[in-house]
$ cat model34.tsv   # TSV, C-alpha atoms
chain	number	residue	atom	x	y	z
A	418	MET	CA	9.83	-62.23	9.46
A	419	LEU	CA	12.62	-59.72	9.93
A	420	ALA	CA	11.79	-59.44	13.64
A	421	ILE	CA	11.97	-63.21	14.12
A	422	SER	CA	15.24	-63.58	12.23
A	423	ILE	CA	16.75	-60.77	14.32
A	424	GLN	CA	15.71	-62.62	17.48
A	425	ILE	CA	17.34	-65.83	16.23
A	426	ALA	CA	20.45	-63.94	15.15
A	427	LEU	CA	20.73	-62.25	18.54
A	428	ALA	CA	20.50	-65.62	20.26
A	429	LEU	CA	23.24	-67.06	18.01
A	430	VAL	CA	25.55	-64.09	18.52
A	431	THR	CA	24.98	-64.17	22.27
A	432	ALA	CA	25.99	-67.83	22.23
A	433	ALA	CA	29.10	-66.79	20.29
A	434	VAL	CA	29.89	-64.18	22.95
A	435	ALA	CA	29.47	-66.82	25.65
A	436	MET	CA	31.84	-69.18	23.83
A	437	SER	CA	34.55	-66.58	23.37
A	438	PHE	CA	34.11	-65.61	27.01
A	439	TRP	CA	34.64	-69.26	27.95
A	440	ARG	CA	37.88	-69.25	25.97
A	441	LEU	CA	38.85	-65.99	27.66
A	442	LEU	CA	38.48	-67.54	31.10
A	443	ARG	CA	39.85	-70.94	30.18
A	444	GLY	CA	42.48	-70.25	27.51
A	445	PRO	CA	45.72	-71.94	28.55
A	446	ASP	CA	48.05	-69.17	27.36
A	447	ALA	CA	48.07	-65.44	26.98
A	448	PRO	CA	47.68	-65.44	23.14
A	449	ASP	CA	44.53	-67.56	23.51
A	450	ARG	CA	43.07	-64.93	25.77
A	451	ILE	CA	44.00	-62.14	23.39
A	452	LEU	CA	42.37	-64.08	20.55
A	453	ALA	CA	39.25	-64.50	22.71
A	454	LEU	CA	39.18	-60.75	23.38
A	455	ASP	CA	39.58	-60.10	19.66
A	456	THR	CA	36.63	-62.37	18.87
A	457	LEU	CA	34.66	-60.82	21.70
A	458	TYR	CA	34.89	-57.34	20.28
A	459	ILE	CA	33.93	-58.48	16.81
A	460	ASN	CA	30.92	-60.25	18.32
A	461	THR	CA	30.05	-57.07	20.20
A	462	ILE	CA	29.99	-55.19	16.90
A	463	ALA	CA	27.57	-57.82	15.59
A	464	ILE	CA	25.29	-57.38	18.62
A	465	LEU	CA	25.35	-53.58	18.31
A	466	VAL	CA	24.46	-53.75	14.61
A	467	LEU	CA	21.62	-56.16	15.30
A	468	PHE	CA	20.29	-53.89	18.04
A	469	GLY	CA	20.52	-50.99	15.64
A	470	ILE	CA	18.29	-52.79	13.12
A	471	HIS	CA	16.00	-54.03	15.90
A	472	LEU	CA	15.40	-50.59	17.36
A	473	GLY	CA	15.54	-48.81	14.00
A	474	SER	CA	18.17	-46.43	15.30
A	475	ALA	CA	21.32	-45.48	13.40
A	476	LEU	CA	22.97	-44.19	16.57
A	477	PHE	CA	24.60	-47.53	17.31
A	478	PHE	CA	26.85	-47.14	14.30
A	479	GLU	CA	29.26	-44.76	16.07
A	480	ALA	CA	29.63	-47.15	19.00
A	481	ALA	CA	30.33	-50.04	16.61
A	482	LEU	CA	32.93	-48.01	14.71
A	483	LEU	CA	34.67	-47.00	17.94
A	484	ILE	CA	34.72	-50.59	19.19
A	485	ALA	CA	36.20	-51.73	15.87
A	486	LEU	CA	38.97	-49.13	16.06
A	487	MET	CA	39.79	-49.54	19.74
A	488	GLY	CA	39.56	-53.33	19.68
A	489	PHE	CA	42.10	-53.58	16.88
A	490	ILE	CA	44.47	-51.19	18.65
A	491	GLY	CA	44.05	-53.14	21.88
A	492	THR	CA	44.89	-56.44	20.17
A	493	VAL	CA	47.96	-54.99	18.49
A	494	ALA	CA	49.15	-53.39	21.73
A	495	LEU	CA	48.76	-56.63	23.71
A	496	CYS	CA	50.56	-58.66	21.01
A	497	LYS	CA	53.37	-56.13	20.85
A	498	TYR	CA	53.68	-56.29	24.61
A	499	LEU	CA	54.04	-60.07	24.54
A	500	LEU	CA	56.42	-59.95	21.57
A	501	ARG	CA	58.75	-57.25	22.80
A	502	GLY	CA	57.96	-56.64	26.45
A	503	ASP	CA	57.32	-53.05	25.50
A	504	ILE	CA	54.58	-51.29	23.55
A	505	ILE	CA	56.26	-48.16	22.27
A	506	GLU	CA	59.80	-48.81	21.15
B	1310	MET	CA	11.22	-59.54	-1.04
B	1311	LEU	CA	13.55	-57.05	0.59
B	1312	GLU	CA	12.61	-58.42	3.98
B	1313	PHE	CA	13.40	-61.94	2.80
B	1314	PHE	CA	16.80	-60.88	1.52
B	1315	LEU	CA	17.57	-58.98	4.73
B	1316	SER	CA	16.57	-61.95	6.86
B	1317	PHE	CA	18.80	-64.18	4.75
B	1318	LEU	CA	21.78	-61.85	5.20
B	1319	ILE	CA	21.20	-61.50	8.94
B	1320	LEU	CA	20.82	-65.22	9.52
B	1321	THR	CA	23.89	-66.06	7.39
B	1322	GLY	CA	25.90	-63.49	9.28
B	1323	ALA	CA	24.79	-64.72	12.67
B	1324	ILE	CA	25.46	-68.36	11.75
B	1325	PHE	CA	28.98	-67.57	10.52
B	1326	THR	CA	29.69	-65.50	13.64
B	1327	PHE	CA	28.51	-68.44	15.72
B	1328	ILE	CA	30.67	-70.92	13.78
B	1329	GLY	CA	33.72	-68.70	14.16
B	1330	SER	CA	33.35	-68.66	17.92
B	1331	LEU	CA	32.55	-72.35	17.93
B	1332	GLY	CA	35.94	-72.90	16.34
B	1333	LEU	CA	37.44	-71.04	19.26
B	1334	VAL	CA	36.00	-73.65	21.61
B	1335	ARG	CA	36.31	-76.82	19.56
B	1336	LEU	CA	39.74	-76.71	17.97
B	1337	LYS	CA	42.70	-78.08	19.82
B	1338	ASP	CA	45.66	-75.75	19.56
B	1339	MET	CA	46.31	-72.03	19.35
B	1340	TYR	CA	47.26	-71.97	15.68
B	1341	THR	CA	44.19	-73.78	14.39
B	1342	ARG	CA	41.98	-71.72	16.68
B	1343	LEU	CA	43.23	-68.59	14.93
B	1344	HIS	CA	41.50	-69.67	11.71
B	1345	GLY	CA	37.93	-69.56	12.99
B	1346	PRO	CA	37.60	-65.98	14.23
B	1347	THR	CA	39.67	-64.44	11.45
B	1348	LYS	CA	37.64	-65.88	8.59
B	1349	ALA	CA	34.18	-66.87	9.67
B	1350	THR	CA	33.64	-64.02	12.08
B	1351	THR	CA	34.83	-61.42	9.60
B	1352	LEU	CA	32.41	-62.56	6.91
B	1353	GLY	CA	29.62	-62.99	9.45
B	1354	VAL	CA	29.91	-59.49	10.84
B	1355	GLY	CA	30.48	-58.19	7.32
B	1356	SER	CA	27.17	-59.56	6.07
B	1357	LEU	CA	25.37	-58.28	9.20
B	1358	LEU	CA	26.77	-54.82	8.47
B	1359	ILE	CA	25.71	-55.01	4.83
B	1360	ALA	CA	22.21	-56.00	5.97
B	1361	SER	CA	22.20	-52.96	8.24
B	1362	ALA	CA	23.29	-50.71	5.37
B	1363	ILE	CA	20.50	-52.01	3.13
B	1364	TYR	CA	17.94	-51.72	5.93
B	1365	PHE	CA	18.74	-48.10	6.74
B	1366	SER	CA	18.95	-47.18	3.06
B	1367	ALA	CA	15.45	-48.56	2.56
B	1368	GLN	CA	14.06	-46.99	5.72
B	1369	GLY	CA	15.76	-43.63	6.00
B	1370	PRO	CA	15.49	-40.52	3.88
B	1371	SER	CA	18.83	-41.07	2.11
B	1372	ILE	CA	21.10	-44.00	1.35
B	1373	SER	CA	23.28	-45.09	4.22
B	1374	LEU	CA	26.66	-46.49	3.28
B	1375	HIS	CA	28.79	-45.89	6.34
B	1376	GLU	CA	28.42	-49.49	7.51
B	1377	PHE	CA	30.74	-50.40	4.66
B	1378	LEU	CA	33.43	-48.46	6.48
B	1379	ILE	CA	33.38	-50.94	9.36
B	1380	THR	CA	33.24	-53.87	6.91
B	1381	ILE	CA	36.32	-52.67	5.04
B	1382	PHE	CA	38.06	-51.83	8.29
B	1383	LEU	CA	37.42	-55.33	9.65
B	1384	LEU	CA	38.58	-56.92	6.39
B	1385	ILE	CA	41.85	-55.01	6.64
B	1386	THR	CA	42.49	-55.41	10.37
B	1387	ALA	CA	41.44	-59.01	10.97
B	1388	PRO	CA	44.40	-60.53	9.05
B	1389	VAL	CA	46.80	-58.12	10.71
B	1390	SER	CA	45.76	-59.08	14.22
B	1391	ALA	CA	45.76	-62.76	13.23
B	1392	HIS	CA	49.30	-62.42	11.87
B	1393	LEU	CA	50.45	-60.70	15.06
B	1394	LEU	CA	48.80	-63.35	17.23
B	1395	ALA	CA	50.41	-66.17	15.24
B	1396	LYS	CA	53.75	-64.42	15.56
B	1397	THR	CA	53.27	-64.03	19.30
B	1398	ALA	CA	52.31	-67.67	19.67
B	1399	LEU	CA	55.38	-68.78	17.70
B	1400	HIS	CA	57.55	-66.47	19.74
B	1401	LEU	CA	56.23	-67.82	23.04
B	1402	ASN	CA	56.74	-71.32	21.57
B	1403	LEU	CA	53.24	-72.55	22.30
B	1404	THR	CA	52.46	-76.21	21.75
B	1405	SER	CA	51.22	-76.96	18.27
B	1406	LEU	CA	49.56	-79.90	16.60
B	1407	ALA	CA	51.56	-79.15	13.49
B	1408	GLU	CA	55.24	-79.72	13.30
B	1409	LYS	CA	56.78	-76.40	14.15
B	1410	PRO	CA	59.40	-74.93	11.83
B	1411	GLU	CA	62.98	-75.05	12.96
B	1412	LYS	CA	64.30	-72.15	14.97
B	1413	ASP	CA	66.13	-70.65	11.95
B	1414	ALA	CA	62.80	-69.93	10.35
B	1415	ILE	CA	61.76	-67.95	13.38
B	1416	ASP	CA	64.76	-65.71	13.53
B	1417	GLN	CA	62.84	-62.86	15.05
B	1418	GLY	CA	64.49	-61.94	18.31
B	1419	GLY	CA	62.36	-62.22	21.41
B	1420	PRO	CA	62.53	-59.67	24.23
B	1421	ASP	CA	65.32	-61.55	25.98
B	1422	GLU	CA	67.32	-62.14	22.83
B	1423	VAL	CA	66.86	-58.58	21.65
B	1424	ASP	CA	67.84	-57.17	25.00
B	1425	THR	CA	70.94	-59.32	25.27
B	1426	ALA	CA	71.84	-58.57	21.66
B	1427	GLU	CA	71.56	-54.86	22.30
B	1428	GLU	CA	73.51	-55.19	25.50
B	1429	THR	CA	76.27	-57.13	23.86
B	1430	GLU	CA	76.34	-54.59	21.07
B	1431	LYS	CA	76.57	-51.80	23.59
B	1432	ALA	CA	79.22	-53.71	25.48
B	1433	ASP	CA	81.11	-54.24	22.23
B	1434	THR	CA	80.98	-50.59	21.30
B	1435	THR	CA	82.06	-49.49	24.74
B	1436	ASP	CA	84.83	-52.05	24.67
B	1437	THR	CA	86.04	-50.90	21.30
B	1438	ALA	CA	85.64	-47.30	22.43
B	1439	VAL	CA	87.71	-47.95	25.50
B	1440	LYS	CA	90.24	-50.27	23.95
B	1441	PRO	CA	91.98	-47.84	21.60
B	1442	GLU	CA	92.46	-45.36	24.39
B	1443	ALA	CA	93.75	-48.03	26.65
B	1444	ALA	CA	95.98	-49.25	23.87
B	1445	GLU	CA	97.27	-45.77	23.29
B	1446	ALA	CA	97.72	-45.28	26.99
B	1447	LEU	CA	99.67	-48.48	27.05
B	1448	GLN	CA	101.60	-47.68	23.94
B	1449	ALA	CA	102.29	-44.07	24.84
B	1450	PRO	CA	104.74	-44.79	27.62
B	1451	ASP	CA	106.46	-47.28	25.38
B	1452	GLN	CA	106.83	-44.68	22.68
B	1453	THR	CA	108.17	-42.09	25.07
B	1454	LYS	CA	110.55	-44.66	26.42
B	1455	SER	CA	111.72	-45.71	23.06
C	153	MET	CA	53.55	-31.76	-8.48
C	154	THR	CA	55.14	-34.22	-6.10
C	155	ARG	CA	55.21	-31.60	-3.36
C	156	LEU	CA	51.66	-30.43	-3.88
C	157	LEU	CA	50.16	-33.90	-4.28
C	158	PRO	CA	52.64	-36.33	-2.77
C	159	HIS	CA	50.27	-39.29	-2.65
C	160	PRO	CA	47.88	-39.47	-5.58
C	161	VAL	CA	46.36	-42.74	-4.31
C	162	LEU	CA	45.96	-41.75	-0.67
C	163	THR	CA	44.06	-38.54	-1.37
C	164	PRO	CA	40.95	-40.01	-3.04
C	165	VAL	CA	40.86	-42.84	-0.50
C	166	LEU	CA	40.83	-40.34	2.36
C	167	ALA	CA	38.11	-38.29	0.63
C	168	VAL	CA	35.91	-41.36	0.22
C	169	ILE	CA	36.46	-42.33	3.87
C	170	TRP	CA	35.47	-38.82	4.94
C	171	LEU	CA	32.25	-38.99	2.94
C	172	LEU	CA	31.45	-42.46	4.31
C	173	LEU	CA	32.07	-41.26	7.87
C	174	ASN	CA	29.68	-38.35	7.40
C	175	ASN	CA	27.29	-40.53	5.44
C	176	SER	CA	26.31	-37.70	3.10
C	177	ILE	CA	27.20	-36.37	-0.32
C	178	GLU	CA	26.34	-32.73	0.25
C	179	PRO	CA	28.54	-30.30	-1.70
C	180	GLY	CA	29.88	-28.85	1.55
C	181	GLN	CA	31.04	-32.24	2.80
C	182	ILE	CA	32.63	-33.04	-0.56
C	183	LEU	CA	34.59	-29.77	-0.48
C	184	LEU	CA	35.65	-30.28	3.13
C	185	GLY	CA	36.62	-33.88	2.38
C	186	LEU	CA	38.71	-32.88	-0.63
C	187	ALA	CA	40.43	-30.12	1.35
C	188	LEU	CA	41.22	-32.45	4.26
C	189	SER	CA	42.37	-35.29	2.03
C	190	TRP	CA	44.69	-32.87	0.25
C	191	ALA	CA	46.03	-31.33	3.47
C	192	ILE	CA	46.57	-34.51	5.49
C	193	PRO	CA	49.08	-36.20	3.11
C	194	VAL	CA	50.94	-32.91	2.68
C	195	LEU	CA	51.18	-32.31	6.42
C	196	THR	CA	52.08	-35.89	7.32
C	197	ILE	CA	54.46	-36.47	4.45
C	198	ARG	CA	57.23	-37.63	6.76
C	199	PHE	CA	55.24	-40.68	7.81
C	200	TRP	CA	54.79	-41.85	4.22
C	201	PRO	CA	58.23	-42.03	2.66
C	202	GLU	CA	57.16	-44.13	-0.34
C	203	ALA	CA	54.30	-43.17	-2.58
C	204	VAL	CA	52.11	-46.05	-3.67
C	205	SER	CA	52.13	-46.55	-7.39
C	206	ILE	CA	49.61	-48.79	-9.06
C	207	GLN	CA	50.88	-49.96	-12.41
C	208	LYS	CA	47.76	-51.71	-13.63
C	209	PRO	CA	44.49	-50.50	-12.11
C	210	PHE	CA	42.40	-53.06	-13.99
C	211	ALA	CA	44.51	-55.92	-12.69
C	212	LEU	CA	43.87	-54.55	-9.20
C	213	VAL	CA	40.11	-54.60	-9.79
C	214	ARG	CA	40.31	-58.15	-11.09
C	215	TYR	CA	42.43	-59.19	-8.12
C	216	THR	CA	39.89	-57.67	-5.70
C	217	ILE	CA	37.01	-59.56	-7.31
C	218	ILE	CA	38.91	-62.86	-7.21
C	219	LEU	CA	39.84	-62.15	-3.60
C	220	PHE	CA	36.23	-61.49	-2.56
C	221	TYR	CA	35.10	-64.70	-4.24
C	222	ASP	CA	37.86	-66.60	-2.44
C	223	ILE	CA	36.96	-65.03	0.91
C	224	ILE	CA	33.38	-66.25	0.61
C	225	MET	CA	34.54	-69.72	-0.45
C	226	ALA	CA	37.07	-69.68	2.42
C	227	ASN	CA	34.29	-69.20	4.90
C	228	PHE	CA	32.43	-72.26	3.74
C	229	THR	CA	35.64	-74.32	3.80
C	230	VAL	CA	36.56	-73.22	7.30
C	231	ALA	CA	33.00	-73.64	8.55
C	232	ARG	CA	32.99	-77.21	7.25
C	233	LEU	CA	36.35	-77.92	8.87
C	234	ILE	CA	35.24	-76.47	12.21
C	235	LEU	CA	31.96	-78.40	12.22
C	236	GLY	CA	33.74	-81.61	11.24
C	237	ASN	CA	35.79	-83.75	13.54
C	238	PRO	CA	38.60	-81.57	14.91
C	239	ASP	CA	40.77	-84.65	15.54
C	240	LYS	CA	40.96	-85.34	11.81
C	241	LEU	CA	42.55	-82.00	11.00
C	242	LYS	CA	46.13	-82.05	9.84
C	243	PRO	CA	47.54	-78.60	10.46
C	244	SER	CA	51.01	-77.85	9.15
C	245	PHE	CA	53.48	-75.06	8.68
C	246	VAL	CA	54.56	-74.33	5.13
C	247	LYS	CA	57.35	-72.07	3.97
C	248	LEU	CA	56.42	-69.82	1.07
C	249	PRO	CA	59.39	-68.33	-0.79
C	250	LEU	CA	58.65	-64.76	-1.82
C	251	ASP	CA	59.32	-63.14	-5.18
C	252	LEU	CA	57.82	-59.84	-4.09
C	253	THR	CA	60.08	-57.13	-2.77
C	254	SER	CA	57.99	-54.08	-1.93
C	255	ASP	CA	56.61	-53.89	1.60
C	256	LEU	CA	53.10	-53.02	0.50
C	257	ALA	CA	52.87	-55.97	-1.87
C	258	ILE	CA	54.16	-58.36	0.79
C	259	SER	CA	51.66	-57.14	3.37
C	260	LEU	CA	48.83	-57.38	0.87
C	261	LEU	CA	49.90	-60.93	0.03
C	262	ALA	CA	50.02	-61.83	3.73
C	263	ASN	CA	46.54	-60.38	4.26
C	264	SER	CA	45.18	-62.24	1.23
C	265	ILE	CA	46.67	-65.51	2.48
C	266	THR	CA	45.06	-65.04	5.87
C	267	LEU	CA	41.64	-64.27	4.40
C	268	THR	CA	41.59	-67.20	1.98
C	269	PRO	CA	40.79	-70.89	2.56
C	270	GLY	CA	42.49	-72.66	5.40
C	271	THR	CA	45.71	-70.70	5.40
C	272	LEU	CA	47.13	-68.10	7.75
C	273	SER	CA	50.30	-66.11	7.35
C	274	ALA	CA	52.26	-66.51	10.56
C	275	GLN	CA	55.62	-64.90	10.13
C	276	LEU	CA	57.82	-63.00	7.72
C	277	SER	CA	61.49	-63.83	7.82
C	278	ASP	CA	63.89	-61.03	8.69
C	279	ASP	CA	65.30	-60.75	5.18
C	280	HIS	CA	61.81	-60.79	3.58
C	281	SER	CA	62.71	-63.88	1.60
C	282	TYR	CA	59.94	-66.18	2.73
C	283	LEU	CA	56.66	-66.19	4.57
C	284	LEU	CA	55.69	-68.84	7.09
C	285	VAL	CA	52.15	-70.03	6.36
C	286	HIS	CA	50.04	-72.11	8.70
C	287	ALA	CA	47.59	-74.36	6.90
C	288	LEU	CA	44.54	-75.64	8.77
C	289	ASN	CA	44.22	-78.88	6.85
C	290	GLU	CA	46.89	-79.46	4.27
C	291	THR	CA	48.34	-82.67	2.98
C	292	ASP	CA	50.38	-81.42	0.05
C	293	PRO	CA	52.51	-78.35	0.78
C	294	GLU	CA	53.83	-78.05	-2.78
C	295	THR	CA	50.40	-77.64	-4.34
C	296	LEU	CA	49.55	-75.05	-1.70
C	297	VAL	CA	52.66	-73.01	-2.43
C	298	ALA	CA	52.14	-73.26	-6.19
C	299	ASN	CA	48.49	-72.28	-5.79
C	300	ILE	CA	49.25	-69.20	-3.70
C	301	LYS	CA	52.04	-68.15	-6.04
C	302	GLN	CA	49.90	-68.51	-9.12
C	303	ARG	CA	46.69	-67.05	-7.74
C	304	TYR	CA	47.85	-64.15	-5.57
C	305	GLU	CA	51.52	-63.43	-5.90
C	306	LYS	CA	51.65	-63.16	-9.69
C	307	PRO	CA	48.90	-60.53	-10.01
C	308	LEU	CA	50.31	-58.59	-7.06
C	309	LYS	CA	53.70	-58.54	-8.71
C	310	GLU	CA	52.13	-57.27	-11.92
C	311	ILE	CA	50.16	-54.59	-10.10
C	312	PHE	CA	52.84	-53.13	-7.89
C	313	GLU	CA	56.21	-54.08	-9.31
C	314	SER	CA	56.03	-54.15	-13.07
C	315	CYS	CA	58.39	-51.25	-13.45

$ encode --input "model34.tsv" --output "structure tokens"
Amino acid sequence: MLAISIQIALALVTAAVAMSFWRLLRGPDAPDRILALDTLYINTIAILVLFGIHLGSALFFEAALLIALMGFIGTVALCKYLLRGDIIE
Amino acid sequence: MLEFFLSFLILTGAIFTFIGSLGLVRLKDMYTRLHGPTKATTLGVGSLLIASAIYFSAQGPSISLHEFLITIFLLITAPVSAHLLAKTALHLNLTSLAEKPEKDAIDQGGPDEVDTAEETEKADTTDTAVKPEAAEALQAPDQTKS
Amino acid sequence: MTRLLPHPVLTPVLAVIWLLLNNSIEPGQILLGLALSWAIPVLTIRFWPEAVSIQKPFALVRYTIILFYDIIMANFTVARLILGNPDKLKPSFVKLPLDLTSDLAISLLANSITLTPGTLSAQLSDDHSYLLVHALNETDPETLVANIKQRYEKPLKEIFESC
């Protein structure tokens, strides 16, 4: 039962990745694309966690933690760039 | 029983993650789109992470709680990035379905405004720094004459 | 006391984060975590000019529980709104006058607003006097403002500013 629900969950999250990728390509303005990137990295964390449960390996945790940290910093840096035209003031 | 609970958590998480990204596609303007990923996706990934924590605690030799670190981290950072994105969108004056607040409410200076403000400030200071000297230079001959 | 332990709240938080990162509660890790969480605030004291002071710890616990409940409810609300007809949504910007003054309390309020049903904090005015809130589907701005004030701002004011 767990195996089946992980398969379904992986399919759903992959669809979510596809949708945020669509917004990334399509998004009319720069903030839309940043938002799509933001969603994309959160979805990637979801996929990594699901893979971790699927393969029974706790090694994926470090990758998920790093993506969470770096994704947030990336979003903030991009927003700051658009807001101020400069990242480090 | 544990397997049932885990499956429930995983499916709920995946469905909320899916709905959050669906909001990204379906909604019409930047500001409403911000709502989906910040709320639904955060809870979705949060419950996936909690499922992972329970799974590894049940499987492994000791309890595994470090997934909560990512959950807490996401709960703290998601609103911050949403706030920054909303601010950026307001600053770039993106089209909105809602009536946008008047410009006074958004009195944060943009890059252009900030730059010009700083420049004018600099210009002012240099002017005032130069002016007294010039004034003295102008006045000095007068004084010597008088 | 203030020099040796400048941030009484930060130190235990850092220790807990260290233990979660290592995912173990061995005595060695606990000692190392305590040493690091003591040393880091002392060494980086210049980056933290104000110490956080929590006036009412129990109010903070209560606030956290209410917040978690609201976050879960928020997800169902937003999910329903997203799955419904997007043309029927009535998004609007609402100004929320602030009573809070401390930076930490304001940022916590902004985060709470973003995580709870259908609202998103968009901008803080330069003089910290009001917050611009974007509501996903709101017909009555006054109820929204009153609700936020009563539910989140009052407890936050009690917790951080009741001096």

$ interface_residues --input "model34.tsv" --of "chain A" --to "chain C" --cutoff "12 Å" --atoms "all atoms listed in the file" --output "PDB file with C-alpha atoms, keeping the file's coordinate frame"
ATOM      1  CA  ALA A 475      21.320 -45.480  13.400  1.00  0.00           C
ATOM      2  CA  PHE A 478      26.850 -47.140  14.300  1.00  0.00           C
ATOM      3  CA  GLU A 479      29.260 -44.760  16.070  1.00  0.00           C
ATOM      4  CA  LEU A 482      32.930 -48.010  14.710  1.00  0.00           C
ATOM      5  CA  LEU A 483      34.670 -47.000  17.940  1.00  0.00           C
TER       6      LEU A 483
END

$ closest_atom_pairs --input "model34.tsv" --of "chain B" --to "chain A" --cutoff "6 Å" --atoms "all atoms listed in the file" --output "CSV"
residue,atom,partner,partner_atom,distance
B:Ser1316,CA,A:Leu419,CA,5.5
B:Leu1320,CA,A:Ala426,CA,5.8
B:Ala1323,CA,A:Ala426,CA,5.1
B:Phe1327,CA,A:Ala433,CA,4.9
B:Ser1330,CA,A:Ala433,CA,5.2
B:Pro1346,CA,A:Thr456,CA,6.0
B:Val1354,CA,A:Ala463,CA,5.6
B:Thr1397,CA,A:Leu500,CA,5.6
B:Pro1420,CA,A:Arg501,CA,4.7

$ write_last_selection --input "model34.tsv" --atoms "C-alpha atoms" --output "CSV table (one decimal), in the coordinates of the input"
chain,number,residue,atom,x,y,z
B,1316,SER,CA,16.6,-62.0,6.9
B,1320,LEU,CA,20.8,-65.2,9.5
B,1323,ALA,CA,24.8,-64.7,12.7
B,1327,PHE,CA,28.5,-68.4,15.7
B,1330,SER,CA,33.4,-68.7,17.9
B,1346,PRO,CA,37.6,-66.0,14.2
B,1354,VAL,CA,29.9,-59.5,10.8
B,1397,THR,CA,53.3,-64.0,19.3
B,1420,PRO,CA,62.5,-59.7,24.2

$ atom_distance --input "model34.tsv" --atom1 "atom CA of A:Leu476" --atom2 "atom CA of B:Gly1353"
21.2 Å

$ closest_residue --input "model34.tsv" --among "B:Leu1403, B:Ala1387, B:Ile1379, B:Ala1349" --to "chain C" --atoms "all atoms listed in the file"
B:Ala1349

$ residues_around --input "model34.tsv" --residues "C:Tyr221" --least-positions-apart "3" --cutoff "12 Å" --atoms "only C-alpha atoms" --output "list in words"
Leu1352 of chain B; Arg214, Tyr215, Thr216, Ile217, Ile218, Ile224, Met225, Ala226, Asn227, Phe228, Ser264, Leu267, Thr268 and Pro269 of chain C

$ closest_residue --input "model34.tsv" --among "B:Ile1363, B:Leu1331, B:Leu1358, B:Met1339" --to "chain C" --atoms "only C-alpha atoms"
B:Leu1331

$ residues_around --input "model34.tsv" --residues "stretch 209-212 of chain C" --least-positions-apart "6" --cutoff "9 Å" --atoms "only C-alpha atoms" --output "list in words"
Pro307, Leu308, Glu310 and Ile311 of chain C

$ interface_residues --input "model34.tsv" --of "chain C" --to "chain B" --cutoff "8 Å" --atoms "all atoms listed in the file" --output "PyMOL selection string"
chain C and resi 169+172-175+223-224+226-227+230-231+234-235+238+242-245+262-263+266-268+270-275+277-278+284+286+288

$ write_last_selection --input "model34.tsv" --atoms "C-alpha atoms" --output "compact mmCIF listing (two decimals), in the coordinates of the input"
# COMPACT_ATOMS: atom_id res chain seq x y z
CA ILE C 169 36.46 -42.33 3.87
CA LEU C 172 31.45 -42.46 4.31
CA LEU C 173 32.07 -41.26 7.87
CA ASN C 174 29.68 -38.35 7.40
CA ASN C 175 27.29 -40.53 5.44
CA ILE C 223 36.96 -65.03 0.91
CA ILE C 224 33.38 -66.25 0.61
CA ALA C 226 37.07 -69.68 2.42
CA ASN C 227 34.29 -69.20 4.90
CA VAL C 230 36.56 -73.22 7.30
CA ALA C 231 33.00 -73.64 8.55
CA ILE C 234 35.24 -76.47 12.21
CA LEU C 235 31.96 -78.40 12.22
CA PRO C 238 38.60 -81.57 14.91
CA LYS C 242 46.13 -82.05 9.84
CA PRO C 243 47.54 -78.60 10.46
CA SER C 244 51.01 -77.85 9.15
CA PHE C 245 53.48 -75.06 8.68
CA ALA C 262 50.02 -61.83 3.73
CA ASN C 263 46.54 -60.38 4.26
CA THR C 266 45.06 -65.04 5.87
CA LEU C 267 41.64 -64.27 4.40
CA THR C 268 41.59 -67.20 1.98
CA GLY C 270 42.49 -72.66 5.40
CA THR C 271 45.71 -70.70 5.40
CA LEU C 272 47.13 -68.10 7.75
CA SER C 273 50.30 -66.11 7.35
CA ALA C 274 52.26 -66.51 10.56
CA GLN C 275 55.62 -64.90 10.13
CA SER C 277 61.49 -63.83 7.82
CA ASP C 278 63.89 -61.03 8.69
CA LEU C 284 55.69 -68.84 7.09
CA HIS C 286 50.04 -72.11 8.70
CA LEU C 288 44.54 -75.64 8.77

$ atom_distance --input "model34.tsv" --atom1 "atom CA of A:Ala480" --atom2 "atom CA of B:Pro1370"
21.7 Å

$ atom_distance --input "model34.tsv" --atom1 "atom CA of C:Ala167" --atom2 "atom CA of C:Gly185"
5.0 Å

$ axis_aligned_box --input "model34.tsv" --around "stretch 207-226 of chain C" --padding-each-side "5 Å" --output "JSON"
{"center_x": 42.1, "center_y": -59.8, "center_z": -5.8, "size_x": 27.5, "size_y": 29.8, "size_z": 26.4}

$ build_atoms --input "model34.tsv" --residues "stretch 465-469 of chain A" --atoms "N, CA, C and O atoms" --output "compact mmCIF listing (two decimals), in the coordinates of the input"
# COMPACT_ATOMS: atom_id res chain seq x y z
N LEU A 465 25.75 -54.99 18.44
CA LEU A 465 25.35 -53.58 18.31
C LEU A 465 24.61 -53.35 17.01
O LEU A 465 23.58 -52.65 16.98
N VAL A 466 25.13 -53.95 15.91
CA VAL A 466 24.46 -53.75 14.61
C VAL A 466 23.06 -54.34 14.63
O VAL A 466 22.09 -53.72 14.16
N LEU A 467 22.95 -55.53 15.23
CA LEU A 467 21.62 -56.16 15.30
C LEU A 467 20.65 -55.31 16.11
O LEU A 467 19.50 -55.14 15.74
N PHE A 468 21.14 -54.77 17.24
CA PHE A 468 20.29 -53.89 18.04
C PHE A 468 19.89 -52.67 17.25
O PHE A 468 18.74 -52.21 17.35
N GLY A 469 20.84 -52.15 16.45
CA GLY A 469 20.52 -50.99 15.64
C GLY A 469 19.37 -51.27 14.70
O GLY A 469 18.45 -50.47 14.57
